[in-house]
Structures are given as C-alpha cells and as structure tokens.
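Content type compact mmCIF, C-alpha atoms, from the file target39.txt:
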# COMPACT_ATOMS: atom_id res chain seq x y z
CA MET A 1132 -48.19 -7.87 5.63
CA ARG A 1133 -51.45 -9.64 4.78
CA ASN A 1134 -53.55 -7.00 6.55
CA ASN A 1135 -51.79 -4.14 4.78
CA THR A 1136 -52.41 -5.79 1.43
CA SER A 1137 -56.10 -6.21 2.22
CA ARG A 1138 -56.37 -2.54 3.19
CA GLN A 1139 -54.65 -1.43 -0.02
CA LEU A 1140 -57.01 -3.58 -2.09
CA SER A 1141 -60.02 -2.07 -0.33
CA LEU A 1142 -59.00 1.34 -1.62
CA ILE A 1143 -59.19 0.16 -5.26
CA PRO A 1144 -62.61 0.67 -6.91
CA ARG A 1145 -64.55 -2.61 -7.12
CA LYS A 1146 -65.34 -2.15 -10.81
CA LEU A 1147 -61.62 -1.81 -11.61
CA ILE A 1148 -60.86 -5.01 -9.69
CA MET A 1149 -63.59 -6.93 -11.50
CA SER A 1150 -62.46 -5.59 -14.87
CA THR A 1151 -58.85 -6.57 -14.18
CA LEU A 1152 -59.84 -10.06 -13.06
CA LEU A 1153 -62.01 -10.55 -16.15
CA THR A 1154 -59.19 -9.44 -18.45
CA ALA A 1155 -56.76 -11.80 -16.73
CA SER A 1156 -59.26 -14.64 -16.98
CA LEU A 1157 -59.76 -14.08 -20.72
CA ALA A 1158 -56.01 -13.91 -21.26
CA CYS A 1159 -55.50 -17.21 -19.44
CA SER A 1160 -58.26 -18.80 -21.50
CA ALA A 1161 -56.63 -17.62 -24.72
CA ILE A 1162 -53.28 -19.04 -23.69
CA LYS A 1163 -54.83 -22.36 -22.67
CA GLN A 1164 -56.76 -22.60 -25.93
CA GLU A 1165 -53.64 -21.85 -28.00
CA THR A 1166 -51.65 -24.49 -26.13
CA ALA A 1167 -54.45 -27.01 -26.39
CA THR A 1168 -54.53 -26.90 -30.19
CA ALA A 1169 -50.79 -27.55 -30.62
CA GLN A 1170 -50.75 -31.25 -31.49
CA THR A 1171 -47.18 -32.55 -31.74
CA LYS A 1172 -46.36 -34.10 -35.11
CA ILE A 1173 -43.52 -36.15 -36.58
CA LEU A 1174 -41.51 -34.86 -39.54
CA ILE A 1175 -39.44 -37.82 -40.70
CA PRO A 1176 -36.79 -37.81 -43.43
CA LEU A 1177 -37.70 -41.21 -44.89
CA TYR A 1178 -34.55 -41.71 -46.91
CA SER A 1179 -34.54 -45.50 -46.90
CA TYR A 1180 -35.38 -47.22 -50.17
CA PRO A 1181 -38.91 -48.71 -50.37
CA THR A 1182 -37.91 -52.39 -50.51
CA TRP A 1183 -41.50 -53.71 -50.46
CA TYR A 1184 -40.23 -56.96 -52.02
CA ASN A 1185 -38.08 -57.62 -48.93
CA PRO A 1186 -40.30 -57.09 -45.88
CA PRO A 1187 -37.54 -57.34 -43.22
CA THR A 1188 -35.85 -54.22 -44.65
CA TYR A 1189 -39.02 -52.35 -45.63
CA THR A 1190 -39.62 -49.72 -42.94
CA TRP A 1191 -42.25 -47.64 -44.74
CA PRO A 1192 -45.24 -49.71 -43.49
CA LYS A 1193 -44.13 -49.03 -39.90
CA VAL A 1194 -44.32 -45.31 -40.62
CA ALA A 1195 -47.72 -45.74 -42.27
CA ALA A 1196 -49.01 -47.75 -39.31
CA ALA A 1197 -47.81 -45.12 -36.84
CA ALA A 1198 -49.81 -42.44 -38.67
CA SER A 1199 -52.94 -43.90 -37.11
CA GLN A 1200 -51.47 -42.98 -33.72
CA VAL A 1201 -49.83 -39.58 -34.38
CA PRO A 1202 -49.78 -37.12 -37.30
CA ILE A 1203 -46.81 -37.93 -39.55
CA THR A 1204 -45.23 -36.02 -42.43
CA ALA A 1205 -42.63 -38.04 -44.37
CA ILE A 1206 -39.99 -36.70 -46.77
CA ILE A 1207 -39.11 -38.99 -49.66
CA ASN A 1208 -35.91 -38.64 -51.68
CA PRO A 1209 -35.57 -40.96 -54.70
CA ASN A 1210 -32.15 -39.64 -55.76
CA ASN A 1211 -31.25 -36.21 -54.37
CA GLY A 1212 -34.62 -35.16 -55.78
CA PRO A 1213 -37.16 -36.87 -58.04
CA ASP A 1214 -34.44 -38.50 -60.18
CA ASN A 1215 -35.43 -36.59 -63.33
CA GLY A 1216 -38.63 -38.51 -63.93
CA PRO A 1217 -41.67 -40.32 -62.57
CA PRO A 1218 -41.32 -42.68 -59.62
CA ASN A 1219 -40.19 -46.22 -60.38
CA ARG A 1220 -42.42 -49.12 -59.36
CA ASP A 1221 -40.80 -49.36 -55.93
CA TYR A 1222 -41.48 -45.74 -55.10
CA LYS A 1223 -45.00 -46.02 -56.51
CA ARG A 1224 -45.64 -48.89 -54.12
CA GLY A 1225 -44.04 -47.04 -51.21
CA ILE A 1226 -46.01 -43.86 -51.82
CA GLN A 1227 -49.21 -45.88 -52.08
CA ASP A 1228 -48.50 -47.57 -48.75
CA LEU A 1229 -47.84 -44.22 -47.05
CA LYS A 1230 -50.98 -42.65 -48.47
CA GLN A 1231 -53.12 -45.56 -47.37
CA GLY A 1232 -51.82 -44.98 -43.86
CA GLY A 1233 -52.72 -41.29 -43.95
CA VAL A 1234 -49.14 -39.98 -44.07
CA THR A 1235 -48.52 -36.49 -45.47
CA ILE A 1236 -45.74 -36.80 -48.08
CA LEU A 1237 -43.17 -34.20 -49.14
CA GLY A 1238 -40.73 -34.42 -52.03
CA TYR A 1239 -37.06 -33.64 -51.42
CA VAL A 1240 -35.48 -30.84 -53.46
CA ALA A 1241 -31.91 -29.59 -52.94
CA THR A 1242 -31.22 -25.83 -53.22
CA ASN A 1243 -27.51 -25.56 -52.27
CA TYR A 1244 -28.16 -22.62 -49.92
CA GLY A 1245 -29.66 -20.50 -52.67
CA LYS A 1246 -26.88 -21.17 -55.17
CA ARG A 1247 -28.54 -23.86 -57.25
CA ASN A 1248 -30.01 -22.71 -60.56
CA ILE A 1249 -33.59 -21.77 -59.74
CA ASN A 1250 -34.91 -23.26 -62.98
CA GLU A 1251 -33.48 -26.64 -61.97
CA VAL A 1252 -35.23 -26.35 -58.62
CA LYS A 1253 -38.52 -25.54 -60.34
CA ALA A 1254 -38.05 -28.46 -62.73
CA ASP A 1255 -37.73 -30.88 -59.79
CA ILE A 1256 -40.85 -29.41 -58.23
CA ASP A 1257 -42.78 -29.80 -61.49
CA ILE A 1258 -41.80 -33.47 -61.74
CA TYR A 1259 -43.07 -34.12 -58.24
CA ALA A 1260 -46.28 -32.21 -58.94
CA THR A 1261 -46.95 -34.01 -62.24
CA HIS A 1262 -45.93 -37.59 -61.46
CA PHE A 1263 -45.69 -38.20 -57.70
CA HIS A 1264 -49.01 -36.78 -56.41
CA LEU A 1265 -47.50 -35.57 -53.14
CA ASP A 1266 -48.67 -33.06 -50.51
CA GLY A 1267 -45.76 -30.64 -50.51
CA ILE A 1268 -42.06 -29.92 -51.01
CA PHE A 1269 -39.08 -30.12 -48.65
CA LEU A 1270 -36.41 -27.62 -49.72
CA ASP A 1271 -33.12 -28.88 -48.32
CA GLU A 1272 -29.88 -26.95 -47.86
CA ALA A 1273 -31.94 -23.79 -47.48
CA ALA A 1274 -30.23 -20.48 -46.83
CA SER A 1275 -30.96 -18.75 -43.54
CA SER A 1276 -29.72 -15.20 -44.22
CA PRO A 1277 -32.02 -12.45 -45.57
CA ASP A 1278 -30.03 -11.96 -48.80
CA LYS A 1279 -31.60 -15.15 -50.26
CA LEU A 1280 -35.19 -14.30 -49.42
CA ASN A 1281 -36.11 -13.34 -53.00
CA TYR A 1282 -34.77 -16.66 -54.32
CA TYR A 1283 -36.84 -18.73 -51.89
CA GLN A 1284 -39.93 -16.56 -52.20
CA GLU A 1285 -39.91 -17.14 -55.97
CA ILE A 1286 -39.67 -20.89 -55.40
CA TYR A 1287 -42.43 -20.72 -52.80
CA LYS A 1288 -44.75 -18.94 -55.22
CA HIS A 1289 -43.94 -21.52 -57.90
CA ILE A 1290 -44.82 -24.38 -55.56
CA LYS A 1291 -48.08 -22.72 -54.59
CA THR A 1292 -49.20 -22.64 -58.24
CA GLN A 1293 -49.59 -26.41 -57.91
CA PRO A 1294 -52.93 -26.93 -56.12
CA LYS A 1295 -51.95 -30.25 -54.50
CA LEU A 1296 -48.64 -29.00 -53.08
CA GLN A 1297 -49.98 -27.46 -49.90
CA MET A 1298 -46.91 -27.52 -47.63
CA VAL A 1299 -43.47 -25.96 -48.13
CA VAL A 1300 -40.78 -26.81 -45.58
CA LEU A 1301 -37.44 -25.00 -45.61
CA ASN A 1302 -34.58 -26.90 -44.01
CA GLN A 1303 -32.14 -24.32 -42.75
CA GLY A 1304 -31.29 -26.55 -39.82
CA THR A 1305 -30.14 -23.56 -37.81
CA GLN A 1306 -31.07 -20.06 -36.61
CA THR A 1307 -33.06 -18.40 -39.37
CA ASP A 1308 -34.08 -14.91 -40.42
CA PRO A 1309 -37.80 -14.44 -39.63
CA GLY A 1310 -38.35 -13.01 -43.10
CA TYR A 1311 -38.64 -16.56 -44.42
CA LEU A 1312 -41.99 -16.73 -42.62
CA THR A 1313 -43.19 -13.16 -43.07
CA ARG A 1314 -42.61 -12.95 -46.84
CA PRO A 1315 -43.54 -15.86 -46.85
CA ALA A 1316 -40.90 -18.10 -48.36
CA GLY A 1317 -41.92 -21.20 -46.42
CA ASP A 1318 -44.78 -22.56 -44.35
CA ASN A 1319 -42.49 -24.34 -41.91
CA LEU A 1320 -38.83 -23.85 -41.00
CA VAL A 1321 -36.49 -26.54 -39.71
CA ILE A 1322 -34.63 -24.41 -37.18
CA PHE A 1323 -32.50 -27.24 -35.81
CA GLU A 1324 -30.84 -30.25 -37.45
CA ASN A 1325 -27.94 -31.52 -35.41
CA TYR A 1326 -26.58 -33.81 -32.71
CA SER A 1327 -28.32 -34.56 -29.44
CA LYS A 1328 -25.68 -32.68 -27.43
CA ALA A 1329 -26.18 -29.55 -29.53
CA TRP A 1330 -29.91 -29.60 -28.78
CA ASN A 1331 -29.31 -29.21 -25.06
CA GLN A 1332 -27.29 -26.04 -25.71
CA TYR A 1333 -29.59 -24.63 -28.39
CA GLN A 1334 -30.78 -21.06 -27.82
CA LEU A 1335 -34.17 -20.28 -29.33
CA GLN A 1336 -34.52 -16.99 -31.21
CA SER A 1337 -37.02 -14.69 -29.54
CA TYR A 1338 -39.28 -14.30 -32.61
CA VAL A 1339 -40.17 -18.02 -32.60
CA LYS A 1340 -42.51 -17.52 -29.64
CA ASN A 1341 -44.52 -14.98 -31.66
CA TYR A 1342 -45.67 -17.61 -34.17
CA GLU A 1343 -47.80 -20.73 -33.97
CA PRO A 1344 -45.82 -23.96 -33.35
CA LYS A 1345 -46.89 -25.33 -36.76
CA HIS A 1346 -44.27 -23.10 -38.39
CA PHE A 1347 -41.26 -24.82 -36.80
CA SER A 1348 -39.50 -28.19 -36.93
CA CYS A 1349 -36.45 -29.84 -35.40
CA LEU A 1350 -34.52 -32.95 -36.48
CA ILE A 1351 -32.30 -34.42 -33.76
CA HIS A 1352 -29.95 -37.34 -34.42
CA THR A 1353 -27.48 -39.39 -32.37
CA VAL A 1354 -29.89 -39.47 -29.43
CA PRO A 1355 -28.62 -42.40 -27.35
CA ASP A 1356 -31.72 -43.81 -25.65
CA ALA A 1357 -35.47 -43.54 -25.20
CA ALA A 1358 -35.25 -41.52 -22.01
CA THR A 1359 -33.19 -38.82 -23.73
CA MET A 1360 -35.53 -38.96 -26.72
CA LYS A 1361 -38.51 -38.15 -24.49
CA GLN A 1362 -36.63 -35.29 -22.81
CA HIS A 1363 -35.76 -33.81 -26.22
CA ILE A 1364 -39.35 -34.04 -27.44
CA ASN A 1365 -40.65 -32.39 -24.27
CA GLN A 1366 -38.10 -29.63 -24.68
CA ALA A 1367 -39.07 -29.12 -28.33
CA VAL A 1368 -42.71 -28.71 -27.34
CA ALA A 1369 -41.69 -26.20 -24.68
CA ARG A 1370 -39.71 -24.33 -27.36
CA ASN A 1371 -42.85 -23.85 -29.48
CA ILE A 1372 -41.94 -26.48 -32.10
CA GLN A 1373 -44.69 -28.71 -33.46
CA TYR A 1374 -42.89 -30.94 -35.98
CA ILE A 1375 -40.27 -33.17 -34.37
CA TYR A 1376 -38.13 -36.18 -35.20
CA VAL A 1377 -35.62 -37.83 -32.88
CA THR A 1378 -33.39 -40.77 -33.80
CA ASP A 1379 -30.43 -42.76 -32.51
CA ASP A 1380 -29.16 -43.14 -36.07
CA SER A 1381 -26.09 -40.99 -36.65
CA PRO A 1382 -23.80 -39.52 -39.31
CA ASP A 1383 -21.01 -41.11 -37.31
CA ASN A 1384 -22.17 -44.56 -38.42
CA PRO A 1385 -20.38 -46.22 -41.37
CA ASP A 1386 -23.03 -45.14 -43.92
CA LYS A 1387 -22.83 -41.54 -42.60
CA ASP A 1388 -26.60 -41.11 -43.04
CA PRO A 1389 -28.73 -40.50 -39.92
CA TRP A 1390 -31.99 -40.58 -41.87
CA ASN A 1391 -32.02 -43.96 -43.63
CA SER A 1392 -33.33 -46.11 -40.76
CA LEU A 1393 -35.91 -45.87 -38.01
CA PRO A 1394 -34.67 -45.35 -34.46
CA SER A 1395 -34.49 -48.42 -32.25
CA TYR A 1396 -37.06 -46.74 -29.99
CA TRP A 1397 -39.47 -45.83 -32.84
CA GLU A 1398 -42.56 -47.28 -31.14
CA GLU A 1399 -41.68 -45.59 -27.86
CA GLU A 1400 -41.29 -42.28 -29.69
CA VAL A 1401 -44.70 -42.66 -31.33
CA ASN A 1402 -46.28 -43.65 -28.01
CA HIS A 1403 -44.72 -40.71 -26.18
CA ILE A 1404 -45.99 -38.19 -28.73
CA ARG A 1405 -49.40 -39.85 -28.69
CA SER A 1406 -49.54 -39.50 -24.91
CA LEU A 1407 -48.63 -35.81 -25.15
CA ASN A 1408 -51.38 -35.28 -27.71
CA GLN A 1409 -53.91 -37.12 -25.57
CA LYS A 1410 -53.15 -34.75 -22.70
CA VAL A 1411 -53.65 -31.82 -25.06
CA GLN A 1412 -57.01 -33.21 -26.18
CA ARG A 1413 -58.16 -33.69 -22.61
CA SER A 1414 -57.08 -30.16 -21.78
CA SER A 1415 -58.94 -28.69 -24.74
CA GLY A 1416 -62.08 -30.57 -23.77
CA SER A 1417 -62.09 -29.37 -20.19

Target format structure tokens, applied to this file:
Amino acid sequence: MRNNTSRQLSLIPRKLIMSTLLTASLACSAIKQETATAQTKILIPLYSYPTWYNPPTYTWPKVAAAASQVPITAIINPNNGPDNGPPNRDYKRGIQDLKQGGVTILGYVATNYGKRNINEVKADIDIYATHFHLDGIFLDEAASSPDKLNYYQEIYKHIKTQPKLQMVVLNQGTQTDPGYLTRPAGDNLVIFENYSKAWNQYQLQSYVKNYEPKHFSCLIHTVPDAATMKQHINQAVARNIQYIYVTDDSPDNPDKDPWNSLPSYWEEEVNHIRSLNQKVQRSSGS
C-alpha cells in the first residue's frame, strides 16, 4: 500500500504538490490565528444588591478583583431596569467599584419577547445612558423568531446613537434566528440560559460556527461542582462561545433567583478561564 501511494504521488506534477501544500499551510495558519485570538470572557448577571456598607454580603468587589485576571462583563439590574431614574448612592458606589476594577458594565432592560412598548424600552436605555455611564445594554426576554427583528433592530439603532453604549447583548437564552446578527439587532446573543443537564444535551445551530465567538454567550446554572463547571466551560469554548458564566446557584433555591450570588467555586472558575486564556496567549505567540 505504501509503495503504491508513493508511485501515485510521483505522477502528480511537483508544482501542483507544492501549491497544494502551501495552500494547506496557509489555511492551518488562519485557523490557528483565529483560535488564538478567542479569549474566553465572563458575562455575569450581577443581580445582587451593592451592599457596600455590609462587606460580608457585598460581592461586587470580588467581581472587580477578578477582572484583573480575566475579562469580565457584568449586568446590573437596579429594579427590572434602571428604576425610572438615576442610580441611588448604593448603585453609584457599586458601579464605581466595578469600573475601578476594569469591569465592562451593561444595564438590564426587559423587552417581554418583543411585546413591551418600544418607547418604554427606549426610555430605560436613555436613563442608563444619561445617568449611569455604562458600557452597553443587556436586552432580556428577547425574542428569537424572525418576526420580531424589526422591533429589536430599531432598539439596537437607538442604543447605538449613544456613543458610550458600545455593546448590545440580546438574551434569547435559546436557539435564535441568525438575522439578529446579520441585521444587526445585537452584537452578542445569549444562545443558552438553562440548567446544567440541558447544556449537555444542547445542539448548536450550524450558523454559529460561521461567526466569531465574540457574538455568542451562554449562562448555565445549577452546576453542582467545580469539575462539572470546568467541563461546561471547555464545551462552551469548543462550541464557539466566548462569553460564559457558570454557577451552582439555582432557580430551585428558595429565592428562585440563580443570579443573585456568586458560585461557591467562583475563584476556581476565574482561575480555569485564566488558564485557558494563558494557553491561547502562548499559542498566539508561537
């Protein structure tokens, strides 16, 4: 078999072989370079109150401190939105602490799957832009079907009129029509928000692989331990998702909110993502 293969290769013009090898080499280099630039980031719904006056319950400084280790984007939610006005002194302090740590901050805005009055949505965005000095907007309860594309594209354009609001995240939390990226109607789509068990069975839509990882996020709750957390993060990276958050908090807990506390393995999660990013940096430098 080996001799026959060698004979067949000898019949192929040398120039064609060299051209094919060069093309393959360039293709491999392009793939390696693309992979090497995909730094994994944390997208955390930071829905705990900024109790700066009670340090044992104040988790925001831990998030700010972790931003020196890994890139972090935090979503703040004063009261299902900006609470109809400027931030109170507690949120001012919390935002200041996050900014000093280098955290990217998004303001929460509910959209009720495209059924909320669009002027109310814009009003919330304007309050954030005027009074909170944030980096972007997180549109929750986002529709995923193409019939709501015009609604979200109008909101997207409105957000982009504010020069400081650079990032628009749509939280569909599920399989999503690709039109939300191509219009565009969002810079980043949360394509999964669910239980740990559901993540194992999740089937990625084929179009996701055609885009850079920076356009996709996943939020995974009820993840029982650090080992499973690491497996889920590795799988998210393999699925072309750049923004990730994994927690053992759960909607099954008495408060029914999986996003109002840090996971028990928070430092391990930060360290694991940092180690992944260090490998990426070494790869890009080689």

List the residues sitting within 10 Å of (-44.7, -27.0, -51.0) in the file's frame, using only C-alpha atoms, as a ChimeraX atom specification. /A:1237-1238,1256,1260,1265-1270,1286-1301,1317-1319

Just the residues within 9 Å of Asn1371 in chain A, please, counting all atoms listed in the file, with nothing from its chain fewer than 2 positions along; format it as a list of chain:residue names. A:Ala1169, A:Val1339, A:Lys1340, A:Tyr1342, A:Glu1343, A:Pro1344, A:Lys1345, A:Phe1347, A:Gln1366, A:Ala1367, A:Val1368, A:Ala1369, A:Gln1373

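Shortest separation to Ile1372 in chain A among A:Trp1397, A:Trp1390, A:Phe1323, A:Tyr1180 occurs at residue A:Phe1323, atoms counted being all atoms listed in the file.
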
Expressed in Å, the length from CA of Ala1197 in chain A to CA of Gly1232 in chain A is 8.1 Å

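A straight line drawn from CA of Arg1405 in chain A to CA of Val1201 in chain A is 5.7 Å long.
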